[in-house]
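Chemist: Following this line is structure_24.cif, made up of mmCIF, C-alpha atoms:
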```cif
data_target
loop_
_atom_site.group_PDB
_atom_site.id
_atom_site.type_symbol
_atom_site.label_atom_id
_atom_site.label_comp_id
_atom_site.auth_asym_id
_atom_site.auth_seq_id
_atom_site.Cartn_x
_atom_site.Cartn_y
_atom_site.Cartn_z
ATOM 1 C CA MET Z 1 24.470 36.610 -61.398
ATOM 2 C CA VAL Z 2 26.757 33.677 -60.584
ATOM 3 C CA ILE Z 3 30.442 34.289 -59.804
ATOM 4 C CA ASP Z 4 33.229 31.732 -59.549
ATOM 5 C CA TRP Z 5 34.840 33.049 -56.380
ATOM 6 C CA ALA Z 6 37.620 30.464 -56.633
ATOM 7 C CA VAL Z 7 39.304 32.510 -59.364
ATOM 8 C CA THR Z 8 38.928 36.029 -57.986
ATOM 9 C CA GLN Z 9 39.563 37.978 -54.814
ATOM 10 C CA VAL Z 10 37.660 40.926 -53.365
ATOM 11 C CA TYR Z 11 39.376 42.408 -50.326
ATOM 12 C CA ASN Z 12 38.629 46.108 -50.518
ATOM 13 C CA THR Z 13 36.942 45.546 -47.141
ATOM 14 C CA ILE Z 14 40.189 45.526 -45.169
ATOM 15 C CA MET Z 15 41.697 48.008 -47.637
ATOM 16 C CA SER Z 16 38.964 50.515 -46.810
ATOM 17 C CA VAL Z 17 39.375 50.070 -43.046
ATOM 18 C CA ALA Z 18 43.182 50.369 -43.244
ATOM 19 C CA THR Z 19 42.963 53.475 -45.434
ATOM 20 C CA GLY Z 20 40.569 55.151 -43.027
ATOM 21 C CA ILE Z 21 42.711 54.319 -40.007
ATOM 22 C CA ILE Z 22 45.826 55.820 -41.627
ATOM 23 C CA LEU Z 23 43.963 59.033 -42.462
ATOM 24 C CA LEU Z 24 42.691 59.284 -38.893
ATOM 25 C CA LEU Z 25 46.190 58.597 -37.527
ATOM 26 C CA VAL Z 26 47.525 61.469 -39.643
ATOM 27 C CA VAL Z 27 44.856 63.742 -38.167
ATOM 28 C CA MET Z 28 45.623 62.652 -34.592
ATOM 29 C CA PHE Z 29 49.367 63.002 -35.140
ATOM 30 C CA ILE Z 30 49.056 66.539 -36.535
ATOM 31 C CA ARG Z 31 46.686 67.669 -33.785
ATOM 32 C CA ASN Z 32 48.847 66.188 -31.026
ATOM 33 C CA LEU Z 33 51.927 67.748 -32.573
ATOM 34 C CA GLN Z 34 50.250 71.160 -32.639
ATOM 35 C CA ARG Z 35 49.488 70.758 -28.925
ATOM 36 C CA SER Z 36 53.034 69.498 -28.173
ATOM 37 C CA LYS Z 37 51.668 66.169 -26.950
ATOM 38 C CA ILE Z 38 53.637 63.759 -29.151
ATOM 39 C CA ALA Z 39 55.763 61.143 -27.379
ATOM 40 C CA HIS Z 40 56.555 57.424 -27.638
ATOM 41 C CA LEU Z 41 57.277 57.492 -31.365
ATOM 42 C CA ASP Z 42 57.607 53.700 -31.437
ATOM 43 C CA GLY Z 43 53.865 53.498 -30.818
ATOM 44 C CA TRP Z 44 53.105 55.861 -33.674
ATOM 45 C CA ALA Z 45 55.513 53.924 -35.903
ATOM 46 C CA ILE Z 46 53.740 50.604 -35.353
ATOM 47 C CA GLY Z 47 50.387 52.362 -35.683
ATOM 48 C CA PHE Z 48 51.268 53.433 -39.229
ATOM 49 C CA ALA Z 49 53.125 50.194 -40.037
ATOM 50 C CA ILE Z 50 50.234 47.774 -39.484
ATOM 51 C CA PRO Z 51 47.685 49.321 -41.895
ATOM 52 C CA GLY Z 52 50.533 50.413 -44.188
ATOM 53 C CA PHE Z 53 51.707 46.816 -44.555
ATOM 54 C CA ILE Z 54 48.154 45.634 -45.241
ATOM 55 C CA LEU Z 55 47.659 48.248 -47.972
ATOM 56 C CA THR Z 56 51.053 47.557 -49.510
ATOM 57 C CA ILE Z 57 50.535 43.824 -49.982
ATOM 58 C CA THR Z 58 46.858 43.976 -50.992
ATOM 59 C CA GLY Z 59 47.354 47.019 -53.212
ATOM 60 C CA MET Z 60 50.403 45.467 -54.877
ATOM 61 C CA HIS Z 61 48.539 42.220 -55.552
ATOM 62 C CA MET Z 62 45.540 44.029 -56.999
ATOM 63 C CA THR Z 63 47.769 46.311 -59.086
ATOM 64 C CA LEU Z 64 49.834 43.474 -60.545
ATOM 65 C CA THR Z 65 47.213 40.729 -60.998
ATOM 66 C CA TRP Z 66 43.920 42.571 -61.662
ATOM 67 C CA PRO Z 67 41.696 40.097 -59.751
ATOM 68 C CA LEU Z 68 38.527 42.163 -60.222
ATOM 69 C CA SER Z 69 38.783 41.751 -63.996
ATOM 70 C CA GLN Z 70 37.619 38.173 -63.395
ATOM 71 C CA ILE Z 71 34.152 39.447 -62.430
ATOM 72 C CA GLY Z 72 33.898 42.139 -65.087
ATOM 73 C CA PHE Z 73 35.275 45.175 -63.255
ATOM 74 C CA PRO Z 74 38.870 45.619 -64.504
ATOM 75 C CA PHE Z 75 38.775 49.387 -63.928
ATOM 76 C CA ASP Z 76 38.299 48.732 -60.201
ATOM 77 C CA ASP Z 77 41.767 47.188 -60.081
ATOM 78 C CA ILE Z 78 43.147 50.606 -61.047
ATOM 79 C CA ILE Z 79 40.720 52.564 -58.875
ATOM 80 C CA PHE Z 80 41.280 50.541 -55.696
ATOM 81 C CA GLY Z 81 44.607 48.798 -56.251
ATOM 82 C CA GLU Z 82 46.998 51.527 -57.310
ATOM 83 C CA PRO Z 83 46.035 54.271 -54.800
ATOM 84 C CA THR Z 84 46.084 51.830 -51.881
ATOM 85 C CA PHE Z 85 49.448 50.436 -53.007
ATOM 86 C CA ALA Z 86 50.880 53.963 -53.076
ATOM 87 C CA PHE Z 87 49.203 54.887 -49.782
ATOM 88 C CA GLY Z 88 50.549 51.761 -48.112
ATOM 89 C CA VAL Z 89 54.126 52.451 -49.172
ATOM 90 C CA ILE Z 90 53.849 56.058 -47.964
ATOM 91 C CA ALA Z 91 52.523 54.877 -44.581
ATOM 92 C CA LEU Z 92 55.375 52.364 -44.272
ATOM 93 C CA GLY Z 93 57.830 55.139 -45.100
ATOM 94 C CA ALA Z 94 56.334 57.299 -42.352
ATOM 95 C CA SER Z 95 56.549 54.360 -39.959
ATOM 96 C CA ILE Z 96 60.231 53.777 -40.676
ATOM 97 C CA LEU Z 97 60.950 57.491 -40.287
ATOM 98 C CA LEU Z 98 59.242 57.694 -36.894
ATOM 99 C CA TRP Z 99 61.005 54.543 -35.699
ATOM 100 C CA ARG Z 100 64.392 55.956 -36.735
ATOM 101 C CA LYS Z 101 63.597 59.278 -35.066
ATOM 102 C CA SER Z 102 62.713 57.423 -31.869
ATOM 103 C CA ASN Z 103 66.059 55.621 -31.892
ATOM 104 C CA GLN Z 104 67.870 58.878 -32.708
ATOM 105 C CA TYR Z 105 66.288 60.702 -29.772
ATOM 106 C CA ILE Z 106 67.107 57.828 -27.419
ATOM 107 C CA ARG Z 107 70.752 57.880 -28.543
ATOM 108 C CA ASN Z 108 70.820 61.630 -27.952
ATOM 109 C CA GLU Z 109 69.432 61.018 -24.466
ATOM 110 C CA ILE Z 110 66.193 62.887 -25.094
ATOM 111 C CA ASP Z 111 63.497 61.706 -22.707
ATOM 112 C CA ILE Z 112 60.908 59.860 -24.862
ATOM 113 C CA HIS Z 113 58.293 60.725 -22.213
ATOM 114 C CA ASP Z 114 58.950 64.460 -22.574
ATOM 115 C CA THR Z 115 56.172 65.510 -24.931
ATOM 116 C CA ARG Z 116 57.403 69.086 -25.265
ATOM 117 C CA ALA Z 117 60.941 68.045 -26.149
ATOM 118 C CA ILE Z 118 59.846 65.377 -28.647
ATOM 119 C CA SER Z 119 57.196 67.606 -30.210
ATOM 120 C CA GLY Z 120 59.627 70.506 -30.454
ATOM 121 C CA LYS Z 121 62.213 68.394 -32.279
ATOM 122 C CA LEU Z 122 59.585 67.013 -34.670
ATOM 123 C CA LYS Z 123 58.195 70.458 -35.474
ATOM 124 C CA GLU Z 124 61.705 71.535 -36.379
ATOM 125 C CA GLU Z 125 62.704 68.454 -38.408
ATOM 126 C CA LEU Z 126 59.606 66.981 -40.068
ATOM 127 C CA PRO Z 127 58.952 69.797 -42.583
ATOM 128 C CA HIS Z 128 62.403 69.174 -44.068
ATOM 129 C CA VAL Z 129 62.320 65.378 -43.815
ATOM 130 C CA LEU Z 130 58.803 64.808 -45.169
ATOM 131 C CA LYS Z 131 58.773 67.438 -47.907
ATOM 132 C CA PRO Z 132 60.315 65.197 -50.646
ATOM 133 C CA ALA Z 133 57.819 62.365 -50.013
ATOM 134 C CA SER Z 134 54.924 64.830 -49.880
ATOM 135 C CA TYR Z 135 55.265 65.510 -53.610
ATOM 136 C CA PHE Z 136 54.417 61.896 -54.445
ATOM 137 C CA ALA Z 137 51.526 62.003 -51.976
ATOM 138 C CA ALA Z 138 50.284 65.192 -53.650
ATOM 139 C CA ALA Z 139 50.564 63.649 -57.122
ATOM 140 C CA MET Z 140 48.500 60.673 -55.955
ATOM 141 C CA GLY Z 141 46.041 63.169 -54.492
ATOM 142 C CA TYR Z 142 45.535 64.636 -57.950
ATOM 143 C CA ALA Z 143 45.170 61.055 -59.245
ATOM 144 C CA LEU Z 144 42.356 60.502 -56.728
ATOM 145 C CA ILE Z 145 40.623 63.621 -58.007
ATOM 146 C CA SER Z 146 40.982 62.273 -61.550
ATOM 147 C CA ILE Z 147 39.446 58.965 -60.431
ATOM 148 C CA ALA Z 148 36.584 60.882 -58.821
ATOM 149 C CA ILE Z 149 35.874 62.676 -62.099
ATOM 150 C CA ALA Z 150 35.963 59.362 -63.983
ATOM 151 C CA GLY Z 151 33.637 57.815 -61.398
ATOM 152 C CA VAL Z 152 30.929 60.405 -62.002
ATOM 153 C CA THR Z 153 31.536 60.610 -65.762
ATOM 154 C CA TYR Z 154 31.161 56.856 -66.302
ATOM 155 C CA GLN Z 155 28.866 56.235 -63.306
ATOM 156 C CA LEU Z 156 31.185 53.695 -61.726
ATOM 157 C CA PHE Z 157 31.057 52.078 -58.256
ATOM 158 C CA ALA Z 158 27.460 50.824 -58.528
ATOM 159 C CA ALA Z 159 27.006 47.617 -56.540
ATOM 160 C CA PRO Z 160 25.220 44.666 -58.185
ATOM 161 C CA PRO Z 161 21.629 44.054 -57.025
ATOM 162 C CA GLU Z 162 22.771 40.832 -55.317
ATOM 163 C CA GLU Z 163 24.786 42.843 -52.783
ATOM 164 C CA PRO Z 164 22.875 43.688 -49.583
ATOM 165 C CA ILE Z 165 22.309 47.379 -48.701
ATOM 166 C CA SER Z 166 24.426 48.885 -51.521
ATOM 167 C CA GLY Z 167 22.589 46.756 -54.087
ATOM 168 C CA ALA Z 168 19.362 48.614 -53.288
ATOM 169 C CA PHE Z 169 20.777 51.481 -55.388
ATOM 170 C CA ALA Z 170 21.770 49.275 -58.336
ATOM 171 C CA ASP Z 171 19.168 50.944 -60.576
ATOM 172 C CA TYR Z 172 20.501 54.373 -59.622
ATOM 173 C CA PRO Z 173 24.245 54.123 -60.357
ATOM 174 C CA LEU Z 174 24.802 57.857 -60.091
ATOM 175 C CA ILE Z 175 24.075 57.776 -56.335
ATOM 176 C CA GLU Z 176 26.984 55.511 -55.437
ATOM 177 C CA ALA Z 177 29.137 57.133 -58.119
ATOM 178 C CA ILE Z 178 28.688 60.531 -56.437
ATOM 179 C CA PHE Z 179 29.234 59.069 -52.959
ATOM 180 C CA ILE Z 180 32.478 57.180 -53.688
ATOM 181 C CA SER Z 181 33.767 59.861 -56.078
ATOM 182 C CA GLY Z 182 33.160 62.499 -53.423
ATOM 183 C CA LEU Z 183 35.085 60.391 -50.915
ATOM 184 C CA TYR Z 184 38.004 60.073 -53.321
ATOM 185 C CA ALA Z 185 37.873 63.785 -54.128
ATOM 186 C CA ILE Z 186 38.078 65.040 -50.551
ATOM 187 C CA THR Z 187 40.910 62.603 -49.805
ATOM 188 C CA GLY Z 188 42.680 63.758 -52.961
ATOM 189 C CA ILE Z 189 42.324 67.435 -52.103
ATOM 190 C CA GLY Z 190 43.788 66.811 -48.650
ATOM 191 C CA ALA Z 191 46.722 64.847 -50.092
ATOM 192 C CA ALA Z 192 47.359 67.503 -52.752
ATOM 193 C CA MET Z 193 47.681 70.110 -49.999
ATOM 194 C CA LEU Z 194 50.302 68.200 -47.988
ATOM 195 C CA PRO Z 195 53.358 70.016 -49.453
ATOM 196 C CA PHE Z 196 51.800 73.332 -48.463
ATOM 197 C CA ILE Z 197 51.434 72.418 -44.774
ATOM 198 C CA LEU Z 198 54.972 71.014 -44.527
ATOM 199 C CA ARG Z 199 56.557 74.379 -43.949
ATOM 200 C CA GLU Z 200 58.425 75.665 -40.947
ATOM 201 C CA LYS Z 201 55.513 78.029 -40.331
ATOM 202 C CA PRO Z 202 52.516 76.468 -42.076
ATOM 203 C CA ASN Z 203 49.309 78.384 -42.589
ATOM 204 C CA ARG Z 204 46.940 77.307 -39.792
ATOM 205 C CA ASN Z 205 43.929 77.435 -42.103
ATOM 206 C CA SER Z 206 45.625 75.061 -44.558
ATOM 207 C CA VAL Z 207 46.436 72.636 -41.749
ATOM 208 C CA LYS Z 208 42.846 72.811 -40.495
ATOM 209 C CA ILE Z 209 41.474 72.124 -43.990
ATOM 210 C CA VAL Z 210 43.708 69.070 -44.436
ATOM 211 C CA THR Z 211 42.899 67.617 -41.015
ATOM 212 C CA THR Z 212 39.175 68.221 -41.520
ATOM 213 C CA LEU Z 213 39.172 66.562 -44.946
ATOM 214 C CA PHE Z 214 41.186 63.594 -43.686
ATOM 215 C CA PHE Z 215 38.974 63.214 -40.607
ATOM 216 C CA ILE Z 216 35.819 63.129 -42.729
ATOM 217 C CA ALA Z 217 37.316 60.768 -45.317
ATOM 218 C CA GLY Z 218 38.957 58.527 -42.704
ATOM 219 C CA SER Z 219 35.750 58.138 -40.710
ATOM 220 C CA ILE Z 220 33.755 57.273 -43.834
ATOM 221 C CA PHE Z 221 36.385 54.819 -45.113
ATOM 222 C CA VAL Z 222 36.383 52.954 -41.797
ATOM 223 C CA ALA Z 223 32.572 52.890 -41.547
ATOM 224 C CA PHE Z 224 32.175 51.881 -45.203
ATOM 225 C CA GLY Z 225 34.771 49.114 -44.870
ATOM 226 C CA VAL Z 226 33.114 47.758 -41.737
ATOM 227 C CA MET Z 227 29.726 47.754 -43.491
ATOM 228 C CA ASN Z 228 31.239 45.995 -46.490
ATOM 229 C CA TYR Z 229 32.224 43.042 -44.333
ATOM 230 C CA PHE Z 230 28.497 42.316 -44.181
ATOM 231 C CA THR Z 231 27.575 43.378 -47.710
ATOM 232 C CA HIS Z 232 30.445 41.536 -49.418
ATOM 233 C CA ILE Z 233 29.756 38.341 -47.479
ATOM 234 C CA GLY Z 234 26.141 38.697 -48.572
ATOM 235 C CA LEU Z 235 27.232 39.253 -52.179
ATOM 236 C CA ILE Z 236 29.334 36.084 -52.110
ATOM 237 C CA VAL Z 237 26.504 34.036 -50.587
ATOM 238 C CA ASN Z 238 24.014 35.399 -53.132
ATOM 239 C CA THR Z 239 26.238 34.744 -56.156
ATOM 240 C CA MET Z 240 27.787 31.366 -55.334
#
```
In structure tokens, write the structure found in this file.

Modeler:
Amino acid sequence: MVIDWAVTQVYNTIMSVATGIILLLVVMFIRNLQRSKIAHLDGWAIGFAIPGFILTITGMHMTLTWPLSQIGFPFDDIIFGEPTFAFGVIALGASILLWRKSNQYIRNEIDIHDTRAISGKLKEELPHVLKPASYFAAAMGYALISIAIAGVTYQLFAAPPEEPISGAFADYPLIEAIFISGLYAITGIGAAMLPFILREKPNRNSVKIVTTLFFIAGSIFVAFGVMNYFTHIGLIVNTM
């Protein structure tokens, strides 16, 4: 296989890392909020903004230009581009919300170092503020589940044999199809459950399921993205 890399772009490396970091940030935020340990909302805002911005611009470019169609994988532009675009915009929305809340609390002379006061206000306000946006997140969660079903049905996600590590399974496409589809599915299930945990008194089991799913998916996304920095460089070298 020879690929003209001058006319295509493959950047689901940084997309995978950014996606995983956002999922892990959600888990940490929820767990800290449950323990009344949230403070310094500006820090959380920038934490969501950085990977959110990365996903927004890369996901938008992939969604609008379909760069992976240049190397024969147009369906990957839908699979990777559209969910990351949506996820990036949601993360930026969360970032803006937290930044505004920080400014609001400062104006109201609430001590930003007081974790109990900040956490108490957030527990009271966030279920009402985030509920509208959670419906879009849930819809995209169901979309991820749909992608997972398509991945197994059509045995997608198989790496070419020229790609190091992942390419070793090129003759067994179902292996990577199950792995990536499973990753999408557990992320989708967690996202689909978000409206149910945004209640004034959410079910603790539901919250635990969401945080567990997001922790597993986030950890794998980060690890897989980091690994792909090696495997994708190898793929480019082997197909130049």

Chemist: Identify which of the residues Z:Lys131, Z:Ala117, Z:Thr239, Z:Ile90 lies closest to Z:Phe196, counting all atoms listed in the file when measuring atom-to-atom distances.

Modeler: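 Going through Z:Lys131, Z:Ala117, Z:Thr239, Z:Ile90 one by one, the smallest distance to Z:Phe196 is for Z:Lys131.
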
Chemist: Can you tell me which residues surround Z:Ala191 at a distance of at most 6 Å, considering only C-alpha atoms, apart from same-chain residues fewer than 5 positions away, and format the answer as a list in words?

Modeler: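 Here the answer would be Ala137, Ala138 and Gly141 of chain Z.
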
Chemist: If you measure from atom CA of Z:Phe169 to atom CA of Z:His232, what distance in Å do you get, rounded to one decimal?

Modeler: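 Atom CA of Z:His232 lies 15.1 Å from atom CA of Z:Phe169.
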
Chemist: With all atoms listed in the file as the counted atoms, please give the residues lying no more than 10 Å from stretch 133-136 of chain Z, apart from itself and same-chain residues fewer than 6 positions off, as a PyMOL selection string.

Modeler: chain Z and resi 86-87+90+93-94+127+142+191-198

Chemist: Skipping near chain neighbours, those fewer than 6 positions away, what residues fall within 12 Å of Z:Ile79 using all atoms listed in the file, listed as a PyMOL selection string?

Modeler: chain Z and resi 12+59+62-63+66+68+73+85-86+140+143-151+156-157+180-181+184

Chemist: I need the output of the PyMOL selection byres ((chain Z and resi 16) around 8) for this file as a PyMOL selection string; which residues are they?

Modeler: chain Z and resi 12-15+17-20+221-222+224-225

Chemist: Counting only C-alpha atoms, note down every residue that has an atom within 10 Å of the point (27.8, 39.0, -62.0) (file coordinates), as a compact mmCIF listing (two decimals) with C-alpha atoms, in the coordinates of the input.

Modeler:
```txt
# COMPACT_ATOMS: atom_id res chain seq x y z
CA MET Z 1 24.47 36.61 -61.40
CA VAL Z 2 26.76 33.68 -60.58
CA ILE Z 3 30.44 34.29 -59.80
CA ASP Z 4 33.23 31.73 -59.55
CA GLN Z 70 37.62 38.17 -63.40
CA ILE Z 71 34.15 39.45 -62.43
CA GLY Z 72 33.90 42.14 -65.09
CA PHE Z 73 35.28 45.18 -63.26
CA PRO Z 160 25.22 44.67 -58.18
CA PRO Z 161 21.63 44.05 -57.02
CA GLU Z 162 22.77 40.83 -55.32
CA LEU Z 235 27.23 39.25 -52.18
CA THR Z 239 26.24 34.74 -56.16
```

Chemist: Which residues come within 12 Å of Z:Gln104, counting only C-alpha atoms, excluding same-chain residues fewer than 6 positions away, as an MDAnalysis selection string?

Modeler: chainID Z and resid 41:42 97:98 110:112 118 121:122

Chemist: Applying 8 Å and only C-alpha atoms, which residues near Z:Arg116 remain after dropping the ones on its own chain fewer than 5 positions away? List them as a list in words.

Modeler: Ser36, Lys37 and Ile38 of chain Z

Chemist: Taking only C-alpha atoms into account, which of Z:Thr231, Z:Val152, Z:Ala139, Z:Glu125 comes nearest Z:Gly188?

Modeler: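 Of the candidates, the smallest distance to Z:Gly188 is held by Z:Ala139.
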
Chemist: Produce the centre coordinates and the three edge lengths, each in Å to one decimal, of the box along x, y and z that contains all listed atoms of stretch 27-30 of chain Z with 5 Å added on each side, as AutoDock Vina command-line options.

Modeler:
```
--center_x 47.1 --center_y 64.6 --center_z -36.4 --size_x 14.5 --size_y 13.9 --size_z 13.6
```

Chemist: Pick out the closest residue to Z:Lys101 from this set: Z:Trp44, Z:Phe29, Z:Phe80, Z:Phe214. Count all atoms listed in the file.

Modeler: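 Smallest distance to Z:Lys101 is found for Z:Trp44.
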
Chemist: Considering all atoms listed in the file, can you say which of Z:Thr65, Z:Asn205, Z:Ser95, Z:Thr211 comes closest to Z:Met28?

Modeler: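 Closest to Z:Met28 of all the choices is Z:Thr211.
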
Chemist: Could you state which residues are captured by the PyMOL selection byres ((chain Z and resi 165) around 10) in this file, as a list in words?

Modeler: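 Matching residues under the PyMOL selection byres ((chain Z and resi 165) around 10) are Ala159, Pro161, Glu162, Glu163, Pro164, Ser166, Gly167, Ala168, Phe169, Ala170, Met227, Asn228, Phe230, Thr231 and Gly234 of chain Z.
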
Chemist: Can you work out the spacing between atom CA of Z:Ala217 and atom CA of Z:Thr8 in Å, to one decimal?

Modeler: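 These atoms are spaced 27.8 Å apart.
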